[in-house]
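A.B. asks: My structure is stored as structure.csv, with CSV, C-alpha atoms.
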```
chain,number,residue,atom,x,y,z
A,27,MET,CA,29.6,-37.9,15.4
A,28,VAL,CA,28.7,-34.9,17.6
A,29,GLN,CA,26.6,-35.9,20.6
A,30,ASP,CA,23.1,-34.4,21.0
A,31,VAL,CA,23.1,-33.2,17.4
A,32,PRO,CA,21.1,-34.9,14.6
A,33,THR,CA,23.2,-37.6,12.9
A,34,ASP,CA,22.6,-36.2,9.4
A,35,PHE,CA,24.4,-32.9,10.4
A,36,PHE,CA,28.0,-33.9,10.9
A,37,ASP,CA,30.0,-37.1,10.5
A,38,ALA,CA,32.7,-35.6,12.5
A,39,ALA,CA,32.9,-32.3,14.4
A,40,PRO,CA,34.3,-29.4,12.4
A,41,VAL,CA,37.6,-27.9,13.7
A,42,TRP,CA,37.3,-24.8,15.9
A,43,SER,CA,40.0,-22.4,16.8
A,44,MET,CA,40.1,-21.0,20.3
A,45,GLU,CA,39.2,-17.6,19.1
A,46,GLN,CA,36.1,-18.8,17.2
A,47,ALA,CA,34.9,-20.8,20.3
A,48,GLU,CA,35.4,-17.7,22.5
A,49,THR,CA,33.4,-15.7,20.0
A,50,LEU,CA,30.6,-18.2,20.2
A,51,LEU,CA,30.7,-18.2,24.0
A,52,GLY,CA,30.2,-14.4,23.9
A,53,TYR,CA,27.4,-14.8,21.5
A,54,VAL,CA,25.6,-17.2,23.8
A,55,ALA,CA,26.0,-14.7,26.6
A,56,GLY,CA,24.0,-12.1,24.6
A,57,LEU,CA,21.1,-14.4,23.5
A,58,GLY,CA,18.9,-12.8,26.1
A,59,ASN,CA,18.6,-9.9,23.7
A,60,GLU,CA,17.0,-12.3,21.2
A,61,GLY,CA,14.4,-13.5,23.7
A,62,LEU,CA,16.3,-16.7,24.4
A,63,PHE,CA,18.0,-18.0,27.5
A,64,PRO,CA,21.8,-18.4,27.5
A,65,ARG,CA,21.6,-21.2,30.1
A,66,ASP,CA,19.8,-23.4,27.5
A,67,TYR,CA,23.0,-23.8,25.6
A,68,LYS,CA,25.2,-24.9,28.5
A,69,PRO,CA,27.8,-22.1,28.3
A,70,SER,CA,29.7,-23.6,31.2
A,71,GLU,CA,30.5,-26.7,29.2
A,72,LEU,CA,31.8,-24.6,26.3
A,73,GLU,CA,33.8,-22.5,28.8
A,74,ALA,CA,35.3,-25.6,30.2
A,75,ALA,CA,36.2,-26.9,26.7
A,76,ILE,CA,37.9,-23.6,25.9
A,77,SER,CA,39.9,-23.9,29.1
A,78,ALA,CA,41.0,-27.4,28.1
A,79,GLY,CA,42.5,-26.1,24.9
A,80,ASP,CA,42.3,-27.1,21.3
A,81,GLY,CA,41.2,-30.6,20.5
A,82,GLU,CA,38.3,-33.0,20.2
A,83,GLN,CA,36.4,-31.8,23.2
A,84,LEU,CA,36.4,-28.2,22.0
A,85,ASN,CA,35.3,-29.2,18.5
A,86,GLU,CA,32.5,-31.4,19.9
A,87,VAL,CA,31.1,-28.9,22.4
A,88,ALA,CA,31.4,-25.8,20.2
A,89,THR,CA,29.7,-27.6,17.3
A,90,ARG,CA,26.9,-28.8,19.6
A,91,THR,CA,26.5,-25.3,21.0
A,92,PHE,CA,26.4,-23.6,17.6
A,93,THR,CA,23.9,-26.2,16.4
A,94,TRP,CA,21.5,-25.7,19.3
A,95,VAL,CA,21.7,-21.9,19.0
A,96,ALA,CA,21.2,-22.0,15.2
A,97,GLN,CA,18.3,-24.3,15.5
A,98,ASP,CA,16.4,-22.0,17.9
A,99,LEU,CA,17.3,-18.8,16.0
A,100,ARG,CA,16.2,-20.4,12.7
A,101,ASP,CA,13.2,-22.6,13.7
A,102,GLY,CA,12.1,-21.3,17.2
A,103,ARG,CA,12.7,-22.5,20.7
A,104,THR,CA,9.1,-23.7,21.2
A,105,GLU,CA,8.7,-27.4,20.6
A,106,MET,CA,6.0,-28.5,18.0
A,107,ASP,CA,3.6,-29.9,20.6
A,108,SER,CA,3.2,-26.5,22.2
A,109,ARG,CA,2.4,-24.8,18.9
A,110,LYS,CA,-1.4,-25.3,19.0
A,111,GLN,CA,-3.1,-25.4,15.6
A,112,TRP,CA,0.2,-24.5,13.9
A,113,PHE,CA,0.2,-26.1,10.4
A,114,VAL,CA,3.0,-24.1,8.8
A,115,VAL,CA,6.0,-25.9,7.5
A,116,ASP,CA,8.9,-23.5,7.9
A,117,PRO,CA,11.1,-23.6,4.7
A,118,ASP,CA,14.2,-22.3,6.4
A,119,ALA,CA,15.6,-25.7,7.1
A,120,GLU,CA,16.1,-26.2,3.3
A,121,ARG,CA,17.1,-22.5,2.7
A,122,LEU,CA,19.5,-22.2,5.6
A,123,PRO,CA,21.0,-25.7,6.4
A,124,ILE,CA,23.0,-25.5,9.6
A,125,LYS,CA,25.8,-27.8,8.4
A,126,THR,CA,26.5,-25.4,5.5
A,127,LEU,CA,26.1,-22.4,7.8
A,128,LEU,CA,28.6,-23.6,10.3
A,129,GLU,CA,31.2,-24.7,7.7
A,130,ASP,CA,31.0,-21.3,6.0
A,131,ALA,CA,31.1,-19.5,9.3
A,132,LEU,CA,34.3,-21.3,10.3
A,133,ALA,CA,35.9,-20.9,6.9
A,134,GLY,CA,35.1,-17.2,6.9
A,135,ASP,CA,35.9,-16.8,10.5
A,136,ASP,CA,32.6,-15.0,11.2
A,137,ILE,CA,30.5,-16.8,13.7
A,138,VAL,CA,28.5,-13.7,14.7
A,139,SER,CA,27.3,-12.8,11.2
A,140,ALA,CA,26.3,-16.4,10.5
A,141,LEU,CA,24.0,-16.6,13.5
A,142,ASP,CA,22.7,-13.1,13.1
A,143,ALA,CA,21.7,-14.0,9.6
A,144,LEU,CA,19.1,-16.4,11.0
A,145,ASN,CA,17.0,-13.7,12.6
A,146,PRO,CA,13.6,-12.9,11.1
A,147,THR,CA,13.7,-10.0,8.7
A,148,HIS,CA,10.1,-8.7,9.4
A,149,PRO,CA,10.1,-5.3,11.1
A,150,ASP,CA,7.9,-6.6,14.0
A,151,TYR,CA,10.7,-8.8,15.2
A,152,ALA,CA,13.1,-5.9,15.6
A,153,VAL,CA,10.4,-3.8,17.3
A,154,LEU,CA,9.7,-6.7,19.8
A,155,LYS,CA,13.4,-7.1,20.4
A,156,GLN,CA,13.6,-3.4,21.3
A,157,ARG,CA,10.6,-3.7,23.5
A,158,LEU,CA,12.2,-6.6,25.3
A,159,LEU,CA,15.4,-4.5,25.9
A,160,GLU,CA,13.2,-1.7,27.3
A,161,THR,CA,11.1,-3.9,29.6
A,162,PRO,CA,12.5,-4.2,33.2
A,163,GLU,CA,13.6,-7.6,34.4
A,164,SER,CA,11.1,-7.3,37.2
A,165,ASP,CA,8.2,-7.3,34.7
A,166,ARG,CA,8.3,-11.0,34.1
A,167,ALA,CA,4.9,-11.4,32.6
A,168,SER,CA,5.5,-8.8,29.9
A,169,ARG,CA,8.9,-10.1,29.1
A,170,ALA,CA,7.5,-13.6,28.8
A,171,LYS,CA,4.8,-12.5,26.4
A,172,ILE,CA,7.4,-10.6,24.3
A,173,ARG,CA,9.6,-13.6,24.1
A,174,ALA,CA,6.7,-15.9,23.0
A,175,ASN,CA,5.8,-13.5,20.2
A,176,MET,CA,9.4,-13.1,19.1
A,177,ASP,CA,9.6,-16.9,18.8
A,178,ARG,CA,6.4,-17.0,16.7
A,179,TRP,CA,8.3,-15.0,14.0
A,180,ARG,CA,10.9,-17.7,14.0
A,181,TRP,CA,8.2,-20.3,13.3
A,182,LEU,CA,7.6,-18.6,9.9
A,183,ALA,CA,10.0,-18.3,7.0
A,184,ARG,CA,12.8,-15.9,7.9
A,185,ASP,CA,11.8,-13.8,4.8
A,186,LEU,CA,8.1,-13.7,4.0
A,187,GLY,CA,8.7,-12.5,0.5
A,188,PRO,CA,8.4,-9.1,-1.3
A,189,SER,CA,4.6,-9.2,-1.5
A,190,TYR,CA,2.1,-11.1,0.6
A,191,LEU,CA,-1.2,-11.1,2.5
A,192,LEU,CA,-1.0,-11.5,6.2
A,193,THR,CA,-3.8,-11.7,8.7
A,194,ASN,CA,-3.2,-11.6,12.5
A,195,VAL,CA,-6.2,-13.5,13.9
A,196,PRO,CA,-6.4,-11.9,17.3
A,197,GLU,CA,-6.1,-8.4,15.8
A,198,TYR,CA,-9.0,-9.1,13.3
A,199,GLN,CA,-7.0,-7.4,10.5
A,200,LEU,CA,-5.7,-8.4,7.1
A,201,ARG,CA,-2.7,-6.7,5.5
A,202,MET,CA,-1.7,-6.4,1.9
A,203,THR,CA,2.0,-5.9,2.2
A,204,VAL,CA,4.6,-4.9,-0.4
A,205,ASN,CA,8.3,-4.6,0.7
A,206,ASP,CA,7.3,-4.7,4.3
A,207,ARG,CA,4.9,-1.8,3.8
A,208,ILE,CA,1.2,-2.1,4.4
A,209,VAL,CA,-0.5,-0.8,1.2
A,210,ARG,CA,-4.0,-1.8,2.2
A,211,SER,CA,-5.7,-3.2,5.3
A,212,TYR,CA,-9.1,-4.9,5.9
A,213,ARG,CA,-11.0,-5.7,9.0
A,214,THR,CA,-11.7,-9.4,9.4
A,215,ILE,CA,-14.0,-11.9,11.1
A,216,VAL,CA,-12.4,-15.1,12.3
A,217,GLY,CA,-13.4,-18.5,13.7
A,218,LYS,CA,-15.2,-18.8,16.9
A,219,PRO,CA,-13.2,-20.3,19.8
A,220,GLY,CA,-13.3,-24.1,20.1
A,221,LYS,CA,-13.6,-26.5,17.2
A,222,THR,CA,-14.1,-23.7,14.7
A,223,SER,CA,-11.1,-21.7,15.7
A,224,THR,CA,-9.0,-20.5,12.7
A,225,PRO,CA,-5.7,-22.5,12.3
A,226,GLN,CA,-2.4,-20.9,11.5
A,227,LEU,CA,-1.4,-21.5,7.9
A,228,ALA,CA,1.0,-20.4,5.2
A,229,GLU,CA,-0.6,-21.1,1.8
A,230,THR,CA,-0.3,-19.8,-1.8
A,231,LEU,CA,-2.9,-17.6,-3.3
A,232,GLU,CA,-3.6,-19.1,-6.8
A,233,GLY,CA,-6.7,-17.2,-8.0
A,234,VAL,CA,-9.7,-15.0,-7.3
A,235,ILE,CA,-13.2,-16.4,-7.6
A,236,PHE,CA,-15.9,-13.9,-8.4
A,237,ASN,CA,-19.5,-14.7,-7.7
A,238,PRO,CA,-18.8,-18.0,-5.9
A,239,THR,CA,-21.2,-20.8,-5.2
A,240,TRP,CA,-21.6,-22.4,-1.8
A,241,THR,CA,-22.2,-26.1,-1.4
A,242,VAL,CA,-24.1,-26.5,1.8
A,243,PRO,CA,-22.6,-29.1,4.2
A,244,GLN,CA,-24.6,-32.3,4.9
A,245,SER,CA,-24.9,-31.3,8.6
A,246,ILE,CA,-27.3,-28.6,7.4
A,247,VAL,CA,-28.7,-30.4,4.4
A,248,VAL,CA,-29.6,-33.5,6.5
A,249,GLY,CA,-29.2,-32.4,10.1
A,250,GLU,CA,-31.3,-29.3,9.8
A,251,GLY,CA,-33.6,-30.6,7.1
A,252,LEU,CA,-32.6,-28.0,4.5
A,253,GLY,CA,-32.4,-30.6,1.6
A,254,ALA,CA,-36.1,-31.6,2.0
A,255,LYS,CA,-37.1,-28.0,2.5
A,256,VAL,CA,-35.5,-26.8,-0.7
A,257,LEU,CA,-36.9,-29.8,-2.7
A,258,ASN,CA,-40.4,-29.4,-1.4
A,259,ASN,CA,-40.7,-25.6,-1.3
A,260,PRO,CA,-39.7,-23.9,-4.6
A,261,ALA,CA,-40.5,-20.5,-3.3
A,262,TYR,CA,-38.2,-20.9,-0.4
A,263,ALA,CA,-35.5,-22.2,-2.7
A,264,ARG,CA,-35.8,-19.2,-5.0
A,265,SER,CA,-35.7,-16.7,-2.2
A,266,HIS,CA,-32.5,-18.1,-0.9
A,267,ASN,CA,-31.0,-18.9,-4.3
A,268,TYR,CA,-30.7,-22.6,-3.5
A,269,LYS,CA,-30.6,-25.4,-6.1
A,270,ALA,CA,-31.1,-29.0,-4.9
A,271,THR,CA,-30.2,-32.2,-6.6
A,272,LYS,CA,-31.3,-35.7,-5.4
A,273,ASN,CA,-28.5,-38.1,-6.0
A,274,GLY,CA,-28.8,-41.7,-7.0
A,275,ASP,CA,-27.9,-42.9,-3.5
A,276,GLY,CA,-30.7,-40.9,-2.1
A,277,THR,CA,-28.6,-38.1,-0.7
A,278,ILE,CA,-29.4,-34.5,-1.5
A,279,THR,CA,-26.9,-31.8,-2.6
A,280,VAL,CA,-27.8,-28.2,-2.1
A,281,VAL,CA,-25.8,-25.4,-3.7
A,282,GLN,CA,-26.4,-21.8,-3.1
A,283,GLN,CA,-26.0,-19.9,-6.4
A,284,PRO,CA,-24.0,-16.7,-6.9
A,285,GLY,CA,-25.4,-13.5,-5.7
A,286,PRO,CA,-25.1,-10.8,-3.0
A,287,GLY,CA,-27.0,-13.1,-0.5
A,288,ASN,CA,-24.6,-16.0,-1.0
A,289,SER,CA,-23.0,-17.0,2.3
A,290,LEU,CA,-19.6,-16.4,0.7
A,291,GLY,CA,-20.6,-13.0,-0.7
A,292,MET,CA,-19.2,-11.8,-4.0
A,293,MET,CA,-15.8,-13.3,-3.9
A,294,LYS,CA,-13.4,-15.9,-2.3
A,295,LEU,CA,-9.7,-16.2,-2.6
A,296,ASP,CA,-8.5,-19.6,-4.0
A,297,MET,CA,-5.8,-20.9,-1.7
A,298,PRO,CA,-6.1,-24.7,-1.7
A,299,ASN,CA,-5.4,-26.4,1.6
A,300,PRO,CA,-6.6,-29.4,3.4
A,301,HIS,CA,-8.3,-27.3,6.1
A,302,ALA,CA,-10.7,-25.8,3.5
A,303,ILE,CA,-9.8,-22.4,5.0
A,304,PHE,CA,-10.0,-19.3,2.7
A,305,LEU,CA,-10.7,-15.6,2.7
A,306,HIS,CA,-14.1,-14.5,1.5
A,307,ASP,CA,-16.8,-11.9,1.4
A,308,THR,CA,-20.0,-12.0,3.5
A,309,PRO,CA,-23.5,-10.5,3.2
A,310,ALA,CA,-23.4,-9.8,7.0
A,311,LYS,CA,-21.2,-6.7,6.7
A,312,GLN,CA,-22.7,-5.1,9.8
A,313,LEU,CA,-20.6,-7.5,11.9
A,314,PHE,CA,-17.4,-5.7,10.8
A,315,ASP,CA,-18.5,-2.9,13.1
A,316,THR,CA,-18.3,-5.0,16.2
A,317,GLN,CA,-15.1,-5.1,18.3
A,318,ASP,CA,-14.6,-8.8,19.0
A,319,ARG,CA,-15.1,-10.5,15.6
A,320,ALA,CA,-14.7,-14.2,16.3
A,321,TYR,CA,-18.0,-15.5,14.6
A,322,SER,CA,-17.1,-17.7,11.7
A,323,HIS,CA,-16.6,-21.5,11.3
A,324,GLY,CA,-12.9,-21.0,10.7
A,325,CYS,CA,-12.7,-19.1,7.4
A,326,ILE,CA,-11.8,-15.5,7.4
A,327,ARG,CA,-14.5,-13.0,6.2
A,328,THR,CA,-12.9,-9.9,4.8
A,329,GLU,CA,-14.1,-6.3,4.8
A,330,ARG,CA,-14.3,-4.6,1.4
A,331,ALA,CA,-13.7,-8.0,-0.1
A,332,LEU,CA,-14.7,-7.0,-3.6
A,333,GLU,CA,-12.1,-4.2,-3.6
A,334,LEU,CA,-9.5,-6.7,-2.5
A,335,ALA,CA,-10.6,-9.2,-5.2
A,336,LEU,CA,-10.5,-6.6,-8.0
A,337,THR,CA,-7.1,-5.3,-6.9
A,338,LEU,CA,-5.6,-8.8,-6.9
A,339,ALA,CA,-7.2,-9.7,-10.3
A,340,MET,CA,-5.9,-6.5,-11.9
A,341,VAL,CA,-2.4,-6.5,-10.3
A,342,LEU,CA,-1.6,-10.2,-10.1
A,343,GLY,CA,-4.0,-11.6,-12.7
A,344,GLU,CA,-3.3,-8.9,-15.2
A,345,VAL,CA,-6.9,-8.4,-16.0
A,346,PRO,CA,-7.8,-5.0,-17.3
A,347,LYS,CA,-9.9,-2.9,-14.8
A,348,GLU,CA,-13.0,-2.8,-17.1
A,349,GLU,CA,-12.9,-6.5,-17.6
A,350,ALA,CA,-12.5,-7.3,-13.9
A,351,VAL,CA,-15.4,-5.0,-13.0
A,352,ALA,CA,-17.5,-6.7,-15.6
A,353,ILE,CA,-16.7,-10.1,-14.3
A,354,SER,CA,-17.6,-9.1,-10.8
A,355,LYS,CA,-21.0,-7.7,-11.9
A,356,SER,CA,-21.8,-10.6,-14.2
A,357,GLY,CA,-23.4,-12.7,-11.5
A,358,GLU,CA,-21.6,-15.8,-13.0
A,359,TYR,CA,-19.1,-17.9,-11.2
A,360,THR,CA,-15.7,-16.9,-12.6
A,361,LYS,CA,-12.2,-17.9,-11.5
A,362,VAL,CA,-9.4,-15.5,-12.4
A,363,PRO,CA,-6.1,-17.3,-12.1
A,364,LEU,CA,-3.2,-15.2,-10.9
A,365,LYS,CA,-0.2,-15.0,-13.1
A,366,LYS,CA,1.9,-14.1,-10.1
A,367,GLN,CA,1.0,-16.1,-7.1
A,368,ILE,CA,1.7,-14.8,-3.6
A,369,PRO,CA,1.8,-16.3,-0.1
A,370,VAL,CA,-1.0,-15.9,2.4
A,371,TYR,CA,0.0,-16.0,6.1
A,372,ILE,CA,-2.7,-16.7,8.7
A,373,THR,CA,-0.8,-15.9,11.9
A,374,TYR,CA,-1.5,-15.6,15.6
A,375,PHE,CA,0.4,-12.9,17.4
A,376,THR,CA,-0.8,-11.6,20.8
A,377,MET,CA,1.7,-8.8,20.7
A,378,ALA,CA,2.5,-7.0,17.4
A,379,GLN,CA,2.5,-3.8,15.6
A,380,ASP,CA,-1.1,-2.9,14.6
A,381,ILE,CA,-2.0,-1.6,11.2
A,382,ASP,CA,-1.0,1.9,12.3
A,383,GLY,CA,2.5,0.8,13.4
A,384,VAL,CA,1.7,0.9,17.1
A,385,MET,CA,3.0,-2.0,19.3
A,386,ARG,CA,-0.1,-3.5,21.0
A,387,SER,CA,-1.2,-6.5,22.9
A,388,PHE,CA,-4.2,-8.5,21.6
A,389,LYS,CA,-6.6,-10.7,23.4
A,390,ASP,CA,-5.6,-14.4,23.3
A,391,ILE,CA,-8.9,-15.5,22.0
A,392,TYR,CA,-8.0,-19.1,21.5
A,393,GLY,CA,-5.7,-19.6,24.5
A,394,ARG,CA,-2.7,-20.3,22.4
A,395,ASP,CA,-0.2,-18.3,24.5
A,396,GLU,CA,-0.3,-20.6,27.5
A,397,PRO,CA,1.5,-23.6,26.0
A,398,VAL,CA,4.1,-21.3,24.4
A,399,LEU,CA,4.8,-19.6,27.7
A,400,ALA,CA,4.9,-23.0,29.5
A,401,SER,CA,7.5,-24.1,26.9
A,402,PHE,CA,9.7,-21.1,27.6
A,403,ALA,CA,9.3,-21.6,31.4
A,404,ALA,CA,10.6,-25.2,31.1
A,405,PRO,CA,14.1,-26.4,30.1
A,406,ARG,CA,14.8,-26.4,26.4
A,407,VAL,CA,13.7,-29.5,24.6
A,408,ALA,CA,16.1,-31.0,22.1
A,409,LYS,CA,14.8,-30.8,18.5
A,410,ASP,CA,13.5,-34.1,17.2
A,411,GLY,CA,13.5,-33.2,13.6
A,412,ARG,CA,9.7,-32.6,13.3
A,413,ARG,CA,8.8,-29.5,11.4
A,414,GLU,CA,5.0,-29.7,11.6
A,415,THR,CA,2.4,-30.5,14.2
A,416,THR,CA,0.9,-33.9,14.7
A,417,GLU,CA,-2.5,-32.4,15.4
A,418,GLU,CA,-5.3,-33.7,13.2
A,419,VAL,CA,-6.2,-31.7,10.1
A,420,VAL,CA,-9.9,-31.2,10.2
A,421,ALA,CA,-11.5,-29.5,7.3
A,422,ILE,CA,-14.0,-27.0,8.4
A,423,GLU,CA,-17.5,-28.3,7.9
A,424,ASP,CA,-19.3,-25.1,7.2
A,425,PRO,CA,-17.1,-22.5,5.6
A,426,GLY,CA,-19.9,-20.2,4.5
A,427,LEU,CA,-21.5,-19.4,7.8
```
Show me this structure written as C-alpha cells.
C.D. replies:
Amino acid sequence: MVQDVPTDFFDAAPVWSMEQAETLLGYVAGLGNEGLFPRDYKPSELEAAISAGDGEQLNEVATRTFTWVAQDLRDGRTEMDSRKQWFVVDPDAERLPIKTLLEDALAGDDIVSALDALNPTHPDYAVLKQRLLETPESDRASRAKIRANMDRWRWLARDLGPSYLLTNVPEYQLRMTVNDRIVRSYRTIVGKPGKTSTPQLAETLEGVIFNPTWTVPQSIVVGEGLGAKVLNNPAYARSHNYKATKNGDGTITVVQQPGPGNSLGMMKLDMPNPHAIFLHDTPAKQLFDTQDRAYSHGCIRTERALELALTLAMVLGEVPKEEAVAISKSGEYTKVPLKKQIPVYITYFTMAQDIDGVMRSFKDIYGRDEPVLASFAAPRVAKDGRRETTEEVVAIEDPGL
C-alpha cells in the first residue's frame, strides 16, 4: 500500500521507470503555472528516490506524488472546510478515477498528457492562467486572488457540458451558454449577505413554471399576522391576490395566486434542491437598475425572466412559440417539463471574465475569499475523501421576497 494515499487507490505501487519519474518531477516543478505550489508535493523526496534508482522507494514516492498532484488538479487544492456555502458535488472523481489515470499514463508512457487532461476546460481557467503568468511575483495579493479563482474552477466538473445556465453571484449576471459561447445574458438580484446569502450549487433544470403561485412562509403568516389579515379583510386579500385556508390544526395557509404582482413574478425555473433555491421573475424590476443587487432571501431574481422562460420552453421543452406565449398569458399555473434537461451552475468567482469577455474583479459580497486564501497560504492538507461540505443545508424561508 502506498503511504499517504487513500487505501482504495492502490494495493501496491505501480512500477515506474526512471524516465517517467523524472518527467513527473519536471511536471511538479511547473505547477506554479497552474496556480499551485510545487513545494506541496515534496519534490525533494521524489528527487531523492530517483537518485536511489529503480525499486520500491521510487515506485512509492512517484505514485504518491502523482496522486497528490492529480487530486489537486482534478478536485482543487482548497479543503472542503474552506469552501463556504459550497454544496456542489464534483463528478470528476467518478469520471476521471486517479487509479485508472495513472495506470494508463504509465502504460502509454505519457505522464504529462494524463495530468494536463485534468485541467478545467472552461475558457475562464485559461484566461486566469495567462493572467497569473503576466502578474509579477511581487504582486502577491493579485496572484493569490487569481490562484483562488483558478481553484474554484477545479471544484466544478471539469467539463460543464455543451449547454448550461451559469450565474456568477458577485457579478449579478446570468449566462445562457452554448459551446462555451454566451448566447444571452441577464442581470440578477441575489441573496443579502448573512443568513440569506445565495449558496453555490450545481442543479438540473427540469422545467419552466409559468404563472407560479407563492406559498407564504409561516414567519409572515403568523409572525407578521398576514394569515389573520387575509382571513378578516377580503378586500386586502383580493388586492394582493391572496387566498387563505384555515387548517384543521388551526394553522393558516396563505397562497398568493398567479399574476404580475406575485412575488415570484410570471415564471420560475424548476430545479429541485434541498435549499429551495431557484431562478424566478420579480415585480420589482426597478431594482435591476441598481449597481449592488444583493437584496433577496437567497433565490436569484432574473431580468427579462419571461424571455428566458419562453426561450427554454421553446428550445428545450419543444413547445411551439404560439403555444408558449399563450401559456404565459393564460394567468394559470402551468409547468412545462423540459425534454432536454440542462445543468444550472450557481457560482462565486471574484475574478472572472464578465459577460463582455473582459477579465474583472468583483466585490466579495459574502466574504468567501478569505478562507480560500487562508487555505492557500497554509501547507497543503491531505485529502480526506470528503467531496461535499458538512455545512448545514438550510432551505430559505422566504423565497419570494
A.B. asks: List every protein, DNA or RNA residue that has at least one atom no more than 8 Å from (13.0, -9.8, 19.9) in the file's coordinates, counting only C-alpha atoms, and write the result as a list in words.
C.D. replies: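 Within 8 Å of (13.0, -9.8, 19.9), the protein and nucleic acid residues are Asn59, Glu60, Gly61, Tyr151, Ala152, Val153, Leu154, Lys155, Gln156, Arg157, Leu158, Ile172, Arg173, Met176 and Asp177 of chain A.
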A.B. asks: When you draw a straight line from atom CA of A:Arg178 to atom CA of A:Leu128, how long is it in Å?
C.D. replies: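 Result for atom CA of A:Arg178 versus atom CA of A:Leu128: 24.0 Å, one decimal.
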A.B. asks: A:Val248: which residues within 12 Å, counting all atoms listed in the file, same-chain residues fewer than 4 positions away excluded, as JSON, numbers by chain?
C.D. replies: {"A": [242, 243, 244, 252, 253, 254, 255, 256, 276, 277, 278, 279, 280]}
A.B. asks: When you draw a straight line from atom CA of A:Asp136 to atom CA of A:Ala96, how long is it in Å?
C.D. replies: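 Result for atom CA of A:Asp136 versus atom CA of A:Ala96: 14.0 Å, one decimal.
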A.B. asks: What's the 7 Å shell around A:Arg100, counting all atoms listed in the file, without same-chain residues fewer than 4 positions away, as JSON, numbers by chain?
C.D. replies: {"A": [96, 118, 144, 145, 180]}
A.B. asks: I need every residue sitting at most 10 Å from the point (35.5, -20.3, 11.6) (coordinates as in the file, all atoms listed in the file considered), written as a list in words.
C.D. replies: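 Returned residue set, sorted by chain then number, is Pro40, Val41, Trp42, Ser43, Met44, Glu45, Gln46, Ala47, Thr49, Leu128, Glu129, Asp130, Ala131, Leu132, Ala133, Gly134, Asp135, Asp136 and Ile137 of chain A.
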A.B. asks: How about saving the chosen residues, C-alpha atoms kept, as a tab-separated table (two decimals), in the coordinates of the input?
C.D. replies:
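That gives us again.tsv:
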```
chain	number	residue	atom	x	y	z
A	40	PRO	CA	34.30	-29.40	12.40
A	41	VAL	CA	37.60	-27.90	13.70
A	42	TRP	CA	37.30	-24.80	15.90
A	43	SER	CA	40.00	-22.40	16.80
A	44	MET	CA	40.10	-21.00	20.30
A	45	GLU	CA	39.20	-17.60	19.10
A	46	GLN	CA	36.10	-18.80	17.20
A	47	ALA	CA	34.90	-20.80	20.30
A	49	THR	CA	33.40	-15.70	20.00
A	128	LEU	CA	28.60	-23.60	10.30
A	129	GLU	CA	31.20	-24.70	7.70
A	130	ASP	CA	31.00	-21.30	6.00
A	131	ALA	CA	31.10	-19.50	9.30
A	132	LEU	CA	34.30	-21.30	10.30
A	133	ALA	CA	35.90	-20.90	6.90
A	134	GLY	CA	35.10	-17.20	6.90
A	135	ASP	CA	35.90	-16.80	10.50
A	136	ASP	CA	32.60	-15.00	11.20
A	137	ILE	CA	30.50	-16.80	13.70
```
A.B. asks: Applying 12 Å and only C-alpha atoms, which residues near A:Ala408 remain after dropping the ones on its own chain fewer than 3 positions away? List them as a PyMOL selection string.
C.D. replies: chain A and resi 29-32+66-67+90-91+93-95+97-98+102-106+405+411-412
